[in-house]
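Quick look at my_file.cif (mmCIF, C-alpha atoms and all ligand atoms):
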```cif
data_coords
loop_
_atom_site.label_atom_id
_atom_site.label_comp_id
_atom_site.auth_asym_id
_atom_site.auth_seq_id
_atom_site.Cartn_x
_atom_site.Cartn_y
_atom_site.Cartn_z
CA MET A 1 88.12 96.18 70.35
CA PRO A 2 86.08 95.35 67.18
CA ALA A 3 83.42 97.93 68.08
CA CYS A 4 86.04 100.64 67.62
CA ILE A 5 86.73 99.54 64.09
CA ARG A 6 83.03 99.30 63.17
CA SER A 7 81.87 102.53 64.74
CA VAL A 8 83.57 105.53 66.26
CA LEU A 9 80.44 106.22 68.30
CA ALA A 10 80.45 102.72 69.78
CA CYS A 11 84.11 103.19 70.66
CA VAL A 12 83.45 106.47 72.44
CA ILE A 13 80.63 104.86 74.39
CA ALA A 14 82.76 101.80 75.18
CA LEU A 15 85.54 103.95 76.61
CA GLY A 16 83.03 105.75 78.77
CA PHE A 17 83.62 109.31 77.63
CA VAL A 18 81.00 111.68 78.94
CA ALA A 19 80.04 115.06 77.58
CA GLY A 20 81.96 117.91 79.21
CA ALA A 21 84.90 115.89 80.56
CA ALA A 22 88.24 116.15 78.81
CA PRO A 23 89.00 112.94 76.90
CA ALA A 24 91.90 111.03 78.45
CA ALA A 25 94.10 111.75 75.43
CA ASP A 26 93.75 115.53 75.99
CA LYS A 27 94.66 115.43 79.65
CA ILE A 28 98.03 116.48 80.97
CA ARG A 29 99.78 113.32 82.05
CA VAL A 30 101.37 113.79 85.45
CA VAL A 31 103.42 111.34 87.47
CA ALA A 32 103.96 112.08 91.16
CA THR A 33 106.44 110.09 93.18
CA LEU A 34 104.22 109.91 96.28
CA SER A 35 100.49 109.53 96.93
CA ASP A 36 100.27 112.88 98.81
CA LEU A 37 101.74 114.70 95.85
CA LYS A 38 99.32 112.87 93.56
CA ALA A 39 96.41 114.06 95.71
CA LEU A 40 97.65 117.67 95.76
CA THR A 41 98.26 117.60 92.00
CA GLU A 42 94.70 116.40 91.46
CA ALA A 43 93.46 119.26 93.65
CA VAL A 44 95.19 121.78 91.36
CA GLY A 45 94.70 120.02 88.02
CA ALA A 46 91.21 118.54 88.58
CA ASP A 47 89.78 117.14 85.34
CA LEU A 48 92.56 118.61 83.22
CA VAL A 49 95.09 116.12 84.53
CA GLU A 50 95.55 112.40 84.80
CA VAL A 51 97.85 111.63 87.72
CA ASP A 52 99.68 108.44 88.57
CA ALA A 53 101.81 107.86 91.68
CA LEU A 54 104.98 105.77 91.67
CA ALA A 55 104.79 104.81 95.36
CA ARG A 56 101.59 103.67 97.02
CA GLY A 57 100.59 105.25 100.30
CA ASN A 58 101.34 102.05 102.18
CA GLN A 59 104.94 101.85 100.96
CA ASN A 60 107.84 103.45 102.80
CA PRO A 61 108.85 106.19 100.36
CA HIS A 62 112.48 105.93 101.51
CA ASP A 63 113.00 102.48 100.04
CA LEU A 64 110.95 102.07 96.94
CA GLU A 65 112.31 99.45 94.58
CA VAL A 66 112.95 100.84 91.09
CA ARG A 67 111.17 98.64 88.56
CA PRO A 68 110.79 98.95 84.75
CA SER A 69 107.03 99.55 85.18
CA LEU A 70 107.83 102.85 86.94
CA MET A 71 110.00 103.91 84.00
CA VAL A 72 107.13 103.16 81.60
CA LYS A 73 104.88 105.53 83.57
CA VAL A 74 107.47 108.32 83.54
CA ARG A 75 108.22 107.82 79.84
CA ARG A 76 104.75 109.06 78.91
CA ALA A 77 104.58 111.89 81.47
CA ASP A 78 104.23 115.57 80.59
CA VAL A 79 104.94 116.57 84.19
CA LEU A 80 106.81 114.84 87.02
CA VAL A 81 106.24 115.98 90.61
CA VAL A 82 108.91 114.94 93.12
CA ASN A 83 109.16 115.45 96.89
CA GLY A 84 112.89 116.22 96.81
CA LEU A 85 115.22 116.53 99.85
CA ASP A 86 116.34 112.92 99.22
CA LEU A 87 113.06 111.26 100.25
CA ASP A 88 112.41 109.97 96.73
CA ASN A 89 115.87 110.16 95.19
CA TRP A 90 115.24 106.72 93.61
CA VAL A 91 113.27 108.73 91.05
CA ASP A 92 116.57 109.86 89.49
CA LEU A 93 117.13 106.27 88.36
CA VAL A 94 113.54 106.02 87.10
CA VAL A 95 113.91 109.25 85.09
CA ARG A 96 117.19 108.08 83.57
CA GLY A 97 115.55 104.80 82.52
CA ALA A 98 112.45 106.57 81.18
CA ASN A 99 114.43 108.60 78.64
CA ASN A 100 111.85 111.43 78.63
CA ALA A 101 113.43 114.87 78.12
CA ARG A 102 110.20 116.62 79.23
CA VAL A 103 110.70 115.63 82.87
CA ILE A 104 114.44 115.54 83.51
CA PRO A 105 115.65 117.86 86.30
CA GLY A 106 115.69 121.43 84.98
CA ALA A 107 113.15 120.71 82.21
CA PRO A 108 109.81 122.62 82.31
CA GLY A 109 107.92 119.44 83.24
CA TYR A 110 110.03 118.74 86.34
CA VAL A 111 108.49 119.97 89.60
CA ASP A 112 110.41 119.82 92.87
CA ALA A 113 107.61 120.29 95.41
CA SER A 114 110.10 121.20 98.17
CA ARG A 115 111.01 124.52 96.54
CA GLY A 116 110.50 127.29 99.11
CA ILE A 117 109.86 124.92 102.03
CA PRO A 118 111.51 126.09 105.28
CA VAL A 119 113.43 122.88 105.87
CA LEU A 120 113.73 121.57 109.44
CA GLU A 121 116.48 119.46 110.99
CA VAL A 122 119.15 120.47 108.49
CA PRO A 123 122.34 118.79 109.74
CA THR A 124 124.92 121.23 111.03
CA THR A 125 127.73 118.82 110.26
CA ARG A 126 128.22 116.80 107.11
CA VAL A 127 126.08 113.66 107.18
CA ASP A 128 127.50 110.65 105.44
CA ARG A 129 124.82 108.62 103.67
CA SER A 130 127.12 105.60 103.78
CA MET A 131 126.43 105.51 107.52
CA GLY A 132 122.75 105.02 106.72
CA ASP A 133 121.27 108.41 107.58
CA VAL A 134 118.45 108.96 105.11
CA HIS A 135 117.95 112.70 105.80
CA PRO A 136 121.32 114.13 104.73
CA HIS A 137 119.89 117.48 103.57
CA GLY A 138 117.36 118.05 106.32
CA ASN A 139 113.99 116.54 107.09
CA PRO A 140 112.10 115.72 103.85
CA HIS A 141 108.68 114.89 105.40
CA TYR A 142 107.00 118.27 104.96
CA VAL A 143 103.92 117.22 102.95
CA VAL A 144 102.26 115.63 105.97
CA ASP A 145 102.03 119.15 107.49
CA PRO A 146 98.90 120.81 106.05
CA GLY A 147 100.50 124.21 106.66
CA MET A 148 102.90 123.40 103.82
CA ALA A 149 100.12 122.69 101.31
CA PRO A 150 99.98 126.31 100.03
CA ILE A 151 103.69 126.15 99.09
CA VAL A 152 103.44 122.65 97.61
CA THR A 153 100.33 123.41 95.54
CA GLY A 154 101.98 126.66 94.40
CA ASN A 155 104.94 124.68 93.04
CA ILE A 156 102.58 122.19 91.37
CA LEU A 157 100.54 125.03 89.84
CA GLU A 158 103.65 126.52 88.23
CA GLY A 159 104.65 123.14 86.79
CA LEU A 160 101.21 122.46 85.33
CA ALA A 161 101.03 125.98 83.91
CA ARG A 162 104.41 125.50 82.22
CA ALA A 163 103.08 122.34 80.59
CA ALA A 164 99.69 123.86 79.63
CA PRO A 165 99.84 127.69 79.78
CA LYS A 166 96.30 128.06 78.40
CA HIS A 167 94.90 126.41 81.55
CA ARG A 168 96.73 128.60 84.10
CA ALA A 169 93.55 130.41 85.18
CA ALA A 170 91.74 127.10 85.74
CA PHE A 171 94.65 125.77 87.82
CA GLU A 172 94.67 128.95 89.89
CA LYS A 173 90.94 128.68 90.55
CA ASN A 174 91.20 124.99 91.49
CA ARG A 175 94.07 125.78 93.87
CA GLN A 176 92.14 128.61 95.51
CA ASP A 177 89.10 126.33 95.91
CA PHE A 178 91.30 123.73 97.59
CA LEU A 179 92.96 126.27 99.88
CA GLY A 180 89.46 127.58 100.66
CA ARG A 181 88.55 124.12 101.98
CA LEU A 182 91.88 123.71 103.75
CA GLU A 183 91.63 126.92 105.77
CA PRO A 184 88.53 126.11 107.85
CA ALA A 185 89.84 122.55 108.26
CA MET A 186 93.12 123.95 109.65
CA ALA A 187 91.15 125.94 112.22
CA ARG A 188 89.24 122.78 113.27
CA TRP A 189 92.42 120.73 113.56
CA ALA A 190 94.18 123.43 115.58
CA LYS A 191 91.20 123.52 117.95
CA THR A 192 91.19 119.72 118.31
CA LEU A 193 94.88 119.69 119.25
CA GLU A 194 94.81 122.91 121.31
CA PRO A 195 94.38 121.07 124.66
CA PHE A 196 97.59 119.14 123.95
CA ARG A 197 99.88 122.07 123.18
CA GLY A 198 103.31 121.38 124.65
CA ALA A 199 102.64 117.64 125.02
CA LYS A 200 105.77 115.58 124.51
CA VAL A 201 105.82 112.73 122.01
CA VAL A 202 108.26 110.26 120.49
CA SER A 203 108.16 109.09 116.88
CA TYR A 204 109.58 105.91 115.41
CA HIS A 205 111.02 107.55 112.30
CA ALA A 206 111.73 111.27 112.04
CA ASP A 207 108.78 112.02 109.77
CA TRP A 208 106.40 113.98 112.01
CA ILE A 209 108.40 117.03 113.02
CA TYR A 210 106.66 119.44 110.60
CA PHE A 211 103.21 118.21 111.63
CA LEU A 212 104.00 118.28 115.37
CA THR A 213 105.60 121.72 115.20
CA ARG A 214 102.57 123.07 113.30
CA PHE A 215 100.23 122.05 116.10
CA GLY A 216 102.48 122.96 119.03
CA LEU A 217 103.53 119.49 120.12
CA VAL A 218 107.07 118.71 121.21
CA GLN A 219 109.10 115.82 119.89
CA VAL A 220 111.59 114.53 122.46
CA GLY A 221 113.07 111.51 120.71
CA TYR A 222 113.05 108.88 118.00
CA VAL A 223 112.96 105.10 118.16
CA GLU A 224 115.49 104.90 115.34
CA ASN A 225 119.04 105.81 116.36
CA ARG A 226 119.25 108.17 113.42
CA PRO A 227 116.79 108.49 110.49
CA GLY A 228 116.72 105.11 108.77
CA ILE A 229 119.06 103.42 111.26
CA PRO A 230 117.58 100.63 113.43
CA PRO A 231 117.70 101.25 117.18
CA SER A 232 120.44 99.82 119.37
CA PRO A 233 119.52 98.38 122.80
CA ALA A 234 121.45 101.20 124.52
CA HIS A 235 119.50 103.81 122.57
CA LEU A 236 116.18 102.21 123.52
CA THR A 237 117.07 102.05 127.21
CA GLN A 238 117.93 105.74 127.11
CA LEU A 239 114.75 106.56 125.16
CA ILE A 240 112.47 104.74 127.60
CA ARG A 241 114.12 106.56 130.53
CA ARG A 242 113.58 109.85 128.73
CA MET A 243 109.93 108.98 128.04
CA LYS A 244 109.32 108.35 131.74
CA ASP A 245 111.15 111.52 132.81
CA ASP A 246 109.25 113.64 130.27
CA GLN A 247 105.89 111.88 130.76
CA VAL A 248 105.62 111.08 127.07
CA LYS A 249 102.17 109.77 126.26
CA ALA A 250 102.49 108.81 122.61
CA VAL A 251 104.85 106.96 120.30
CA ILE A 252 103.95 107.75 116.69
CA VAL A 253 104.45 104.83 114.34
CA ASP A 254 104.23 104.44 110.56
CA PRO A 255 102.38 101.37 109.23
CA TRP A 256 105.64 99.87 107.86
CA ASN A 257 107.62 100.27 111.11
CA ASP A 258 108.20 97.41 113.58
CA LEU A 259 104.81 97.72 115.31
CA LYS A 260 105.64 95.13 117.99
CA LEU A 261 108.80 96.96 118.98
CA ALA A 262 106.91 100.26 119.06
CA ALA A 263 104.22 98.75 121.27
CA ARG A 264 106.84 97.36 123.67
CA ILE A 265 108.66 100.68 123.93
CA ALA A 266 105.38 102.51 124.47
CA GLU A 267 104.38 100.09 127.23
CA GLU A 268 107.72 100.27 129.01
CA GLY A 269 107.78 104.05 128.71
CA GLY A 270 104.20 104.47 129.96
CA ALA A 271 102.81 105.64 126.61
CA ARG A 272 100.54 104.47 123.79
CA SER A 273 101.75 103.59 120.31
CA LEU A 274 99.70 105.33 117.62
CA VAL A 275 99.79 104.22 114.00
CA MET A 276 99.42 107.40 111.97
CA ALA A 277 99.12 107.96 108.21
CA PRO A 278 102.37 109.32 106.77
CA GLY A 279 100.69 109.54 103.35
CA VAL A 280 97.37 109.44 101.53
CA GLY A 281 96.31 105.79 101.46
CA SER A 282 98.70 104.70 104.23
CA VAL A 283 95.81 103.49 106.40
CA THR A 284 92.09 102.88 105.92
CA GLY A 285 90.23 106.16 106.14
CA ALA A 286 93.08 108.27 104.76
CA ASP A 287 91.81 108.46 101.19
CA THR A 288 92.19 112.15 100.42
CA TYR A 289 94.74 114.71 101.56
CA LEU A 290 92.30 116.41 103.94
CA ASP A 291 91.04 113.06 105.28
CA THR A 292 94.64 111.98 105.91
CA VAL A 293 95.40 115.09 107.97
CA ALA A 294 92.09 114.71 109.82
CA TYR A 295 92.92 111.08 110.57
CA ASN A 296 96.30 112.06 112.03
CA VAL A 297 94.89 114.93 114.08
CA ASN A 298 92.13 112.74 115.53
CA THR A 299 94.41 109.76 116.20
CA LEU A 300 96.85 111.98 118.05
CA ALA A 301 94.14 113.78 120.03
CA GLN A 302 92.58 110.47 121.11
CA GLY A 303 95.95 108.96 121.97
CA LEU A 304 96.96 111.92 124.13
CA ARG A 305 93.74 112.04 126.07
ZN ZN B 401 112.53 109.94 106.52
#
```
Using the file provided, produce a representation of the structure as structure tokens.
Ligand SMILES: [Zn+2]
Amino acid sequence: MPACIRSVLACVIALGFVAGAAPAADKIRVVATLSDLKALTEAVGADLVEVDALARGNQNPHDLEVRPSLMVKVRRADVLVVNGLDLDNWVDLVVRGANNARVIPGAPGYVDASRGIPVLEVPTTRVDRSMGDVHPHGNPHYVVDPGMAPIVTGNILEGLARAAPKHRAAFEKNRQDFLGRLEPAMARWAKTLEPFRGAKVVSYHADWIYFLTRFGLVQVGYVENRPGIPPSPAHLTQLIRRMKDDQVKAVIVDPWNDLKLAARIAEEGGARSLVMAPGVGSVTGADTYLDTVAYNVNTLAQGLR
């Protein structure tokens, strides 16, 4: 940019710096594996951080392809926020390729957001990943449950404060502001779903159990045989029978699932298939963390009516 060489002032104007905002170079560079974690990191870090996500909200986080561009992002990161519990274990390969000691597991810049989460569906027998089960250490889809946001943002706060101790008070204030907005929203969502307490639902993949449990709904089955394993015809026949017996009204589907299959199962079982937002940006209208939860609460409430 020739303007930069001629005049520092022109350069500053060209890059769009505004008075009061931290210049990009001064910001803490954070990489989050998933869009939800990016959103929650932005809630805690606000204008002190610059956050990039490795997976987009419309990509199934279980099977992200590791590309060199992801390693480039992690190479420059001060902090890396991961979901853990095997949902984003592809990040291990990205970190190895990035060669950035600040964010390797155990380093101050490495944040496992699942720390302290009461994990559901922990297998009681050893689960062999070679058989295709993608939840070998319990269910990793806790971020979609807004009741987990205090724990997740607490973990993120500690990671950011390790990277920039002088900003701890600002991070704490930002987190409290966010939790202050979350609390009344939680009360609204609970009220919206209150009439459906005890309602039985089926989900395509096992990624809604934390959310459903939070709001008092009961999951009675999955379309997949086991997490990540495509359904067999025998399993589907059994599932549809179960849906009829239990008067299941909703089959929850992620945008990347087989929507036609879900619709057929819902129809045969006497239910509706509902495409929900497993992450920020998964569907139109789910642009922030709170909007994503609101979208899911409203979609479920309408579908169960
Ligand atoms: Zn999963």
Considering all atoms listed in the file, tabulate each residue of chain A that lies at most 8 Å from ligand ZN 401 (chain B) along with its nearest interatomic pair and the corresponding distance in Å to one decimal; arrange the rows by chain and ascending residue number and present them as a tab-separated table.
```
residue	atom	partner	partner_atom	distance
A:His62	CA	B:ZN401	ZN	6.4
A:Leu87	CA	B:ZN401	ZN	6.4
A:Val134	CA	B:ZN401	ZN	6.2
A:His135	CA	B:ZN401	ZN	6.1
A:Asn139	CA	B:ZN401	ZN	6.8
A:Pro140	CA	B:ZN401	ZN	6.4
A:His141	CA	B:ZN401	ZN	6.4
A:His205	CA	B:ZN401	ZN	6.4
A:Ala206	CA	B:ZN401	ZN	5.7
A:Asp207	CA	B:ZN401	ZN	5.4
A:Pro227	CA	B:ZN401	ZN	6.0
A:Gly228	CA	B:ZN401	ZN	6.8
```
Closest contacts (region 38-149 of chain A/region 290-294 of chain A, max 9 Å, all atoms listed in the file) as a Markdown table:
```
| residue | atom | partner | partner_atom | distance |
| --- | --- | --- | --- | --- |
| A:Val144 | CA | A:Val293 | CA | 7.2 |
| A:Asp145 | CA | A:Val293 | CA | 7.8 |
| A:Pro146 | CA | A:Val293 | CA | 7.0 |
```
message: Which residues are close to Glu194 (chain A), i.e. within 9 Å by all atoms listed in the file, leaving aside same-chain residues fewer than 4 positions away? Reply as a list in words.
response: Trp189, Ala190, Phe215 and Gly216 of chain A
field: Shell of 12 Å around Gly106 (chain A), all atoms listed in the file, local chain residues under 6 positions omitted, as a PyMOL selection string
entry: chain A and resi 79-80+112+159
query: What's the 12 Å shell around Asn225 (chain A), counting only C-alpha atoms, without same-chain residues fewer than 6 positions away, as a VMD selection string?
result: chain A and resid 131 to 134 203 to 206 231 to 239
task: Go through A:Gln59, A:Pro123, A:Thr192, A:Val103 and flag the residue nearest Ala277 (chain A), using only C-alpha atoms for the distances.
output: A:Gln59
query: If you measure from CA of Asn60 (chain A) to CA of Arg75 (chain A), what distance in Å do you get, rounded to one decimal?
result: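 About the pair CA of Asn60 (chain A) and CA of Arg75 (chain A): they are 23.4 Å apart.
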Spatial neighbours of Arg264 (chain A), max dist 12 Å, only C-alpha atoms, sep filter under 4 positions, as a compact mmCIF listing (two decimals) with C-alpha atoms, in the frame of the given file:
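And here is the file that came out, part.txt:
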```
# COMPACT_ATOMS: atom_id res chain seq x y z
CA VAL A 223 112.96 105.10 118.16
CA LEU A 236 116.18 102.21 123.52
CA THR A 237 117.07 102.05 127.21
CA ILE A 240 112.47 104.74 127.60
CA VAL A 251 104.85 106.96 120.30
CA ASP A 258 108.20 97.41 113.58
CA LEU A 259 104.81 97.72 115.31
CA LYS A 260 105.64 95.13 117.99
CA GLU A 268 107.72 100.27 129.01
CA GLY A 269 107.78 104.05 128.71
CA GLY A 270 104.20 104.47 129.96
CA ALA A 271 102.81 105.64 126.61
CA ARG A 272 100.54 104.47 123.79
CA SER A 273 101.75 103.59 120.31
```
task: Using CA of Ile117 (chain A) and CA of Leu304 (chain A) as the two end points, give the distance in Å to one decimal.
output: 28.7 Å
task: Rank nothing, just name the residue among A:Asp86, A:Glu183, A:Glu50, A:Glu158 nearest to Gly138 (chain A), using all atoms listed in the file.
output: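 Among A:Asp86, A:Glu183, A:Glu50, A:Glu158, it is A:Asp86 that comes nearest to Gly138 (chain A).
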- request: Tell me, as number ranges by chain, which residues lie within 8 Å of Tyr295 (chain A), counting only C-alpha atoms; anything in the same chain fewer than 6 positions away does not count.
  value: A: 276-277, 285-286
query: What is the distance, in Å and to one decimal place, between CA of Lys38 (chain A) and CA of Val111 (chain A)?
result: 12.3 Å
